[in-house]
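Worksheet for the structure shown next.
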Amino acid sequence: MSIACCIPVLECVYCLACARWAWKRCLHTGSHDSDTWGLATADEFKPVPHLCRLILSVYEDDLEQPQWAPPGGYGINPQWVHHRRSYEHTEGHAPPYLVYVDHENHDVVLAIRGMNMVKESDYAVLLDNRLGERQLDGGYVHNGLLKAAEWVFESECETLKEILNQHSNYRLTFAGHSLGSGVAALLAMVAVQNRARLRNLERQRIRCFAFAPARCVSLNLAVRYADVINSVVLQDDFLPRTATPLEDIFKSLFCLPCLLCIRCMVDTCIPENVMLRDPRRLYAPGRLYHIVERKPFRCGRFPPVVKTAVPVDGRFERIVLSCNATSDHAIIWIEREAQKALDIMLEKEKIMGIPPSQRMDQERRTHAEEQQVAIQRIADLSIPDTHSPYRYGTFDDNSVCVETEGSSSTWGKFITKAFITDESGKLVPKT
């Protein structure tokens, strides 16, 4: 048989492969990512709509006379805003933010706004990863976001310490959206690492809510800090699913759909075990909350359902080809659907009549068990050393690795460093 006769056969095989890929990608919807996850409870999800509105308030010039308030207002007392920091104050080191002392919920909140498309300083934060794989606490993080988080911590550490001294029973919460979510997540990690500078605040009193989060931490950090960081994703949001370097995304905004399609094709051809075994690959941080409001082959929006887990496999690994991939990234939509979901959860729990104390105890046990399972799963993967020969990762291969003191070389050491065994023989985070 001549080579010319094989060409039509090869073309048919190629066309069939492309058709199979297109069919699988078109069938994959955002709801598939959390099919096996459990349902979130109202108690754990209650802060989400409130923190969304608090982040939205950062966009206002005057909180006494708001211009962009959502229906029902921001739900905050302007007198409780300790201070605000604009681009002029941060000098481009970090996005604008505010510190809010929430006396109603006994909480000190540092809320960070999202990406401003007309500010070069925000692009600079994203572009600042030419040095490559920056390390923190034995894992990899995004260099520019970590530098922004460190700048905010150094600027606000004394203020936060003073407020916590005045209100010793308050907890410390970091919240952010999009670009701000990455800064907030890494800020929470920096705060945990420097609790001595925050009047030795207990680890369980530090938390973070990252909305539409950027992929900014490696897998081991994402799981180890699941008791501190909570990531909230609305249905088909593209950013938590995009392993492409953030700087490439925002360089290509003029043709973002093209970039997402190309990335989708590349990721489809890479086995998931290869992704998991690359220690440099970055992920959305912490415990994941997925707001699902659309169903496959159905039109319109349905009553939202919130799924939650600390997954290792299938951690938003595939981009969803959806016309809502960018609109689901908006903080306005996240706030609206989160409030709807919370109202539904409160109504169901009211009908069931479960005592709040019983719900909270069950929630804590479930979360601790999920984190332990995730940690064990990571240990079973036998991830290679951080100096990995794998060429697949979030950063470019010609980047320079910056090591930090105390970084471990294996996943087993990561677990030993971050967790201890309690009296019952279970792994619990070190405090």
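We name chains A, B, ... following the order of the structure tokens; residues begin at 1 in each chain, and ligands are numbered from 1 as shown.
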Can you tell me which residues surround Asn143 (chain A) at a distance of at most 7 Å, considering only C-alpha atoms, apart from same-chain residues fewer than 2 positions away, and format the answer as a PDB file with N, CA and C atoms, in the first residue's frame?
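Wrote it out as around33.pdb, contents follow:
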ATOM      1  N   ASP A 128       4.755  40.494  37.538  1.00  0.00           N
ATOM      2  CA  ASP A 128       5.951  40.333  38.351  1.00  0.00           C
ATOM      3  C   ASP A 128       6.143  38.875  38.762  1.00  0.00           C
ATOM      4  N   ASN A 129       6.384  38.027  37.824  1.00  0.00           N
ATOM      5  CA  ASN A 129       6.742  36.644  38.154  1.00  0.00           C
ATOM      6  C   ASN A 129       7.836  36.138  37.220  1.00  0.00           C
ATOM      7  N   ARG A 134       8.379  31.160  42.952  1.00  0.00           N
ATOM      8  CA  ARG A 134       8.626  31.698  44.296  1.00  0.00           C
ATOM      9  C   ARG A 134       8.099  30.717  45.340  1.00  0.00           C
ATOM     10  N   VAL A 141       4.242  29.712  45.097  1.00  0.00           N
ATOM     11  CA  VAL A 141       3.209  30.744  45.054  1.00  0.00           C
ATOM     12  C   VAL A 141       3.530  31.712  43.920  1.00  0.00           C
ATOM     13  N   LEU A 145       1.866  38.410  43.478  1.00  0.00           N
ATOM     14  CA  LEU A 145       0.799  38.429  44.480  1.00  0.00           C
ATOM     15  C   LEU A 145       1.363  38.305  45.887  1.00  0.00           C
ATOM     16  N   LEU A 146       2.415  37.502  46.044  1.00  0.00           N
ATOM     17  CA  LEU A 146       3.026  37.374  47.364  1.00  0.00           C
ATOM     18  C   LEU A 146       3.683  38.687  47.782  1.00  0.00           C
ATOM     19  N   LYS A 147       4.350  39.357  46.855  1.00  0.00           N
ATOM     20  CA  LYS A 147       4.977  40.641  47.199  1.00  0.00           C
ATOM     21  C   LYS A 147       3.926  41.666  47.603  1.00  0.00           C
TER      22      LYS A 147
END
task = Would you list the contacts of region 343-356 of chain A as a list in words, taking every protein, DNA or RNA residue within 12 Å and counting only C-alpha atoms, but skipping same-chain residues closer than 3 positions in sequence?
result =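 What passes the distance filter is Leu39, Ala40, Thr41, Ala42, Asp43, Glu44, Phe45, Lys46, Val48, Pro49, Phe302, Pro303, Pro304, Val305, Val306, Lys307, Arg336, Glu337, Ala338, Gln339, Lys340, Arg359, Met360, Asp361, Gln362 and Glu363 of chain A.
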Give me a file of those residues, with C-alpha atoms, as an mmCIF file, in the first residue's frame.
data_model
loop_
_atom_site.group_PDB
_atom_site.id
_atom_site.type_symbol
_atom_site.label_atom_id
_atom_site.label_comp_id
_atom_site.auth_asym_id
_atom_site.auth_seq_id
_atom_site.Cartn_x
_atom_site.Cartn_y
_atom_site.Cartn_z
ATOM 1 C CA LEU A 39 -23.535 20.442 50.244
ATOM 2 C CA ALA A 40 -22.448 23.515 52.180
ATOM 3 C CA THR A 41 -24.338 24.547 55.313
ATOM 4 C CA ALA A 42 -25.807 27.947 56.045
ATOM 5 C CA ASP A 43 -23.512 28.468 59.042
ATOM 6 C CA GLU A 44 -20.297 28.126 57.041
ATOM 7 C CA PHE A 45 -21.631 30.030 54.014
ATOM 8 C CA LYS A 46 -23.277 32.874 55.937
ATOM 9 C CA VAL A 48 -20.065 35.060 51.920
ATOM 10 C CA PRO A 49 -22.753 37.558 50.761
ATOM 11 C CA PHE A 302 -32.105 27.598 38.614
ATOM 12 C CA PRO A 303 -32.145 28.070 42.403
ATOM 13 C CA PRO A 304 -28.429 28.053 43.268
ATOM 14 C CA VAL A 305 -26.872 25.169 45.171
ATOM 15 C CA VAL A 306 -23.527 25.437 46.967
ATOM 16 C CA LYS A 307 -21.167 22.437 46.907
ATOM 17 C CA ARG A 336 -26.421 38.034 44.056
ATOM 18 C CA GLU A 337 -26.308 34.264 43.642
ATOM 19 C CA ALA A 338 -24.606 33.739 47.000
ATOM 20 C CA GLN A 339 -27.402 35.609 48.756
ATOM 21 C CA LYS A 340 -30.031 33.539 46.950
ATOM 22 C CA ARG A 359 -24.803 21.685 62.957
ATOM 23 C CA MET A 360 -21.555 23.490 63.795
ATOM 24 C CA ASP A 361 -20.036 20.452 65.533
ATOM 25 C CA GLN A 362 -20.911 18.225 62.580
ATOM 26 C CA GLU A 363 -19.503 20.810 60.150
#
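Pairwise distance (CA of Glu202 (chain A), CA of Ala188 (chain A)) equals 12.5 Å.
Residues in contact range of Ile206 (chain A), defined as at most 7 Å between only C-alpha atoms, with sequence neighbours fewer than 6 positions away removed, read Arg171, Leu172, Thr173 and Val228 of chain A.
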key: From A:Ile334, A:Arg199, A:Asp278, A:Cys216, residue lying nearest Gln166 (chain A) [only C-alpha atoms]   = A:Arg199
ask   = Nearest to Gln371 (chain A) among A:His290, A:His32, A:Arg281, A:Arg224, with distances taken over only C-alpha atoms: which residue is it?
value = A:Arg224
Separation of CA of Phe174 (chain A) from CA of Leu110 (chain A), in Å and rounded to one decimal =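 Spanning CA of Phe174 (chain A) to CA of Leu110 (chain A) is a straight-line distance of 5.0 Å.
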request  = Enter the distance from CA of Ala196 (chain A) to CA of His177 (chain A), in Å, rounded to one decimal.
outcome  =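 Computing it gives 27.3 Å between the two atoms.
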inquiry  = Given only C-alpha atoms as the basis, pick out the residue of A:Ser31, A:Arg197, A:Met115, A:Asn324 nearest to Ile291 (chain A).
reply    =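 That would be A:Ser31, the residue with the smallest distance to Ile291 (chain A).
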inquiry  = DSSP on the backbone: which residues in region 98-330 of chain A end up as strand (DSSP E)? Give the answer as a PyMOL selection string.
reply    = chain A and resi 98-102+107-112+134-136+139-141+171-177+206-211+217-218+229-234+282-283+287-292+305-309
key: Close residues, Val108 (chain A) itself excluded, 8 Å, only C-alpha atoms, min 3 positions apart in chain, as a list in words   = Val99, Tyr100, Val101, Asp102, Leu160, Ile163, Leu164, Tyr170, Arg171, Leu172 and Thr173 of chain A
Please, could you write that set of residues out with all heavy atoms as an mmCIF file, in the first residue's frame?
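Generated output (part_25.cif):
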data_model
loop_
_atom_site.group_PDB
_atom_site.id
_atom_site.type_symbol
_atom_site.label_atom_id
_atom_site.label_comp_id
_atom_site.auth_asym_id
_atom_site.auth_seq_id
_atom_site.Cartn_x
_atom_site.Cartn_y
_atom_site.Cartn_z
ATOM 1 N N VAL A 99 -10.095 48.542 55.888
ATOM 2 C CA VAL A 99 -10.140 47.768 57.136
ATOM 3 C C VAL A 99 -11.439 48.120 57.837
ATOM 4 O O VAL A 99 -11.698 49.297 58.124
ATOM 5 C CB VAL A 99 -8.928 48.078 58.036
ATOM 6 C CG1 VAL A 99 -9.058 47.343 59.372
ATOM 7 C CG2 VAL A 99 -7.628 47.693 57.340
ATOM 8 N N TYR A 100 -12.249 47.109 58.091
ATOM 9 C CA TYR A 100 -13.582 47.301 58.652
ATOM 10 C C TYR A 100 -13.693 46.509 59.954
ATOM 11 O O TYR A 100 -13.425 45.303 59.983
ATOM 12 C CB TYR A 100 -14.635 46.823 57.655
ATOM 13 C CG TYR A 100 -16.062 46.991 58.102
ATOM 14 C CD1 TYR A 100 -16.664 48.246 58.145
ATOM 15 C CD2 TYR A 100 -16.829 45.889 58.475
ATOM 16 C CE1 TYR A 100 -17.979 48.400 58.538
ATOM 17 C CE2 TYR A 100 -18.145 46.030 58.862
ATOM 18 C CZ TYR A 100 -18.714 47.287 58.901
ATOM 19 O OH TYR A 100 -20.023 47.439 59.292
ATOM 20 N N VAL A 101 -14.069 47.183 61.028
ATOM 21 C CA VAL A 101 -14.253 46.541 62.326
ATOM 22 C C VAL A 101 -15.733 46.209 62.468
ATOM 23 O O VAL A 101 -16.553 47.091 62.750
ATOM 24 C CB VAL A 101 -13.775 47.439 63.480
ATOM 25 C CG1 VAL A 101 -13.879 46.700 64.808
ATOM 26 C CG2 VAL A 101 -12.336 47.901 63.242
ATOM 27 N N ASP A 102 -16.065 44.970 62.248
ATOM 28 C CA ASP A 102 -17.456 44.523 62.242
ATOM 29 C C ASP A 102 -17.855 44.120 63.658
ATOM 30 O O ASP A 102 -17.685 42.970 64.068
ATOM 31 C CB ASP A 102 -17.607 43.340 61.276
ATOM 32 C CG ASP A 102 -19.059 42.977 61.025
ATOM 33 O OD1 ASP A 102 -19.927 43.467 61.768
ATOM 34 O OD2 ASP A 102 -19.334 42.207 60.086
ATOM 35 N N LEU A 160 -3.683 46.264 62.705
ATOM 36 C CA LEU A 160 -4.477 45.086 63.028
ATOM 37 C C LEU A 160 -4.207 44.600 64.448
ATOM 38 O O LEU A 160 -5.133 44.202 65.172
ATOM 39 C CB LEU A 160 -4.180 43.968 62.023
ATOM 40 C CG LEU A 160 -4.571 44.242 60.568
ATOM 41 C CD1 LEU A 160 -4.111 43.099 59.668
ATOM 42 C CD2 LEU A 160 -6.071 44.447 60.428
ATOM 43 N N ILE A 163 -6.087 46.885 66.866
ATOM 44 C CA ILE A 163 -7.526 46.617 66.884
ATOM 45 C C ILE A 163 -7.821 45.316 67.626
ATOM 46 O O ILE A 163 -8.771 45.231 68.420
ATOM 47 C CB ILE A 163 -8.071 46.540 65.445
ATOM 48 C CG1 ILE A 163 -7.892 47.876 64.729
ATOM 49 C CG2 ILE A 163 -9.552 46.156 65.446
ATOM 50 C CD1 ILE A 163 -8.275 47.841 63.262
ATOM 51 N N LEU A 164 -7.011 44.289 67.392
ATOM 52 C CA LEU A 164 -7.220 43.018 68.063
ATOM 53 C C LEU A 164 -6.933 43.113 69.555
ATOM 54 O O LEU A 164 -7.531 42.378 70.352
ATOM 55 C CB LEU A 164 -6.339 41.942 67.420
ATOM 56 C CG LEU A 164 -6.713 41.558 65.982
ATOM 57 C CD1 LEU A 164 -5.639 40.678 65.368
ATOM 58 C CD2 LEU A 164 -8.065 40.830 65.957
ATOM 59 N N TYR A 170 -12.343 39.109 68.880
ATOM 60 C CA TYR A 170 -12.662 39.216 67.462
ATOM 61 C C TYR A 170 -11.728 38.315 66.653
ATOM 62 O O TYR A 170 -10.615 38.010 67.073
ATOM 63 C CB TYR A 170 -12.517 40.654 66.965
ATOM 64 C CG TYR A 170 -13.654 41.572 67.371
ATOM 65 C CD1 TYR A 170 -14.458 41.298 68.475
ATOM 66 C CD2 TYR A 170 -13.908 42.741 66.671
ATOM 67 C CE1 TYR A 170 -15.483 42.139 68.854
ATOM 68 C CE2 TYR A 170 -14.935 43.613 67.039
ATOM 69 C CZ TYR A 170 -15.721 43.292 68.140
ATOM 70 O OH TYR A 170 -16.738 44.133 68.521
ATOM 71 N N ARG A 171 -12.206 37.897 65.482
ATOM 72 C CA ARG A 171 -11.363 37.129 64.585
ATOM 73 C C ARG A 171 -10.887 38.027 63.446
ATOM 74 O O ARG A 171 -11.408 39.121 63.238
ATOM 75 C CB ARG A 171 -12.102 35.918 64.040
ATOM 76 C CG ARG A 171 -13.246 36.212 63.095
ATOM 77 C CD ARG A 171 -14.041 34.956 62.766
ATOM 78 N NE ARG A 171 -13.189 33.882 62.306
ATOM 79 C CZ ARG A 171 -13.576 32.604 62.211
ATOM 80 N NH1 ARG A 171 -14.800 32.267 62.567
ATOM 81 N NH2 ARG A 171 -12.745 31.678 61.762
ATOM 82 N N LEU A 172 -9.885 37.562 62.719
ATOM 83 C CA LEU A 172 -9.288 38.339 61.639
ATOM 84 C C LEU A 172 -9.638 37.691 60.306
ATOM 85 O O LEU A 172 -9.363 36.508 60.084
ATOM 86 C CB LEU A 172 -7.770 38.402 61.809
ATOM 87 C CG LEU A 172 -6.970 39.152 60.747
ATOM 88 C CD1 LEU A 172 -7.401 40.611 60.658
ATOM 89 C CD2 LEU A 172 -5.479 39.060 61.040
ATOM 90 N N THR A 173 -10.264 38.460 59.408
ATOM 91 C CA THR A 173 -10.720 37.940 58.126
ATOM 92 C C THR A 173 -10.125 38.755 56.984
ATOM 93 O O THR A 173 -10.166 39.984 57.015
ATOM 94 C CB THR A 173 -12.255 37.990 58.030
ATOM 95 O OG1 THR A 173 -12.816 37.186 59.064
ATOM 96 C CG2 THR A 173 -12.724 37.462 56.674
#
key: helix (DSSP H, G or I) positions in region 268-360 of chain A, given as number ranges by chain   = A: 268, 272-276, 327-329, 331-352, 356-360
task = Would you please work out which residue, of A:Pro96, A:Pro70, A:Gly30, A:Pro279, is nearest to Trp333 (chain A) when using only C-alpha atoms?
result =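 Closest candidate: A:Pro70.
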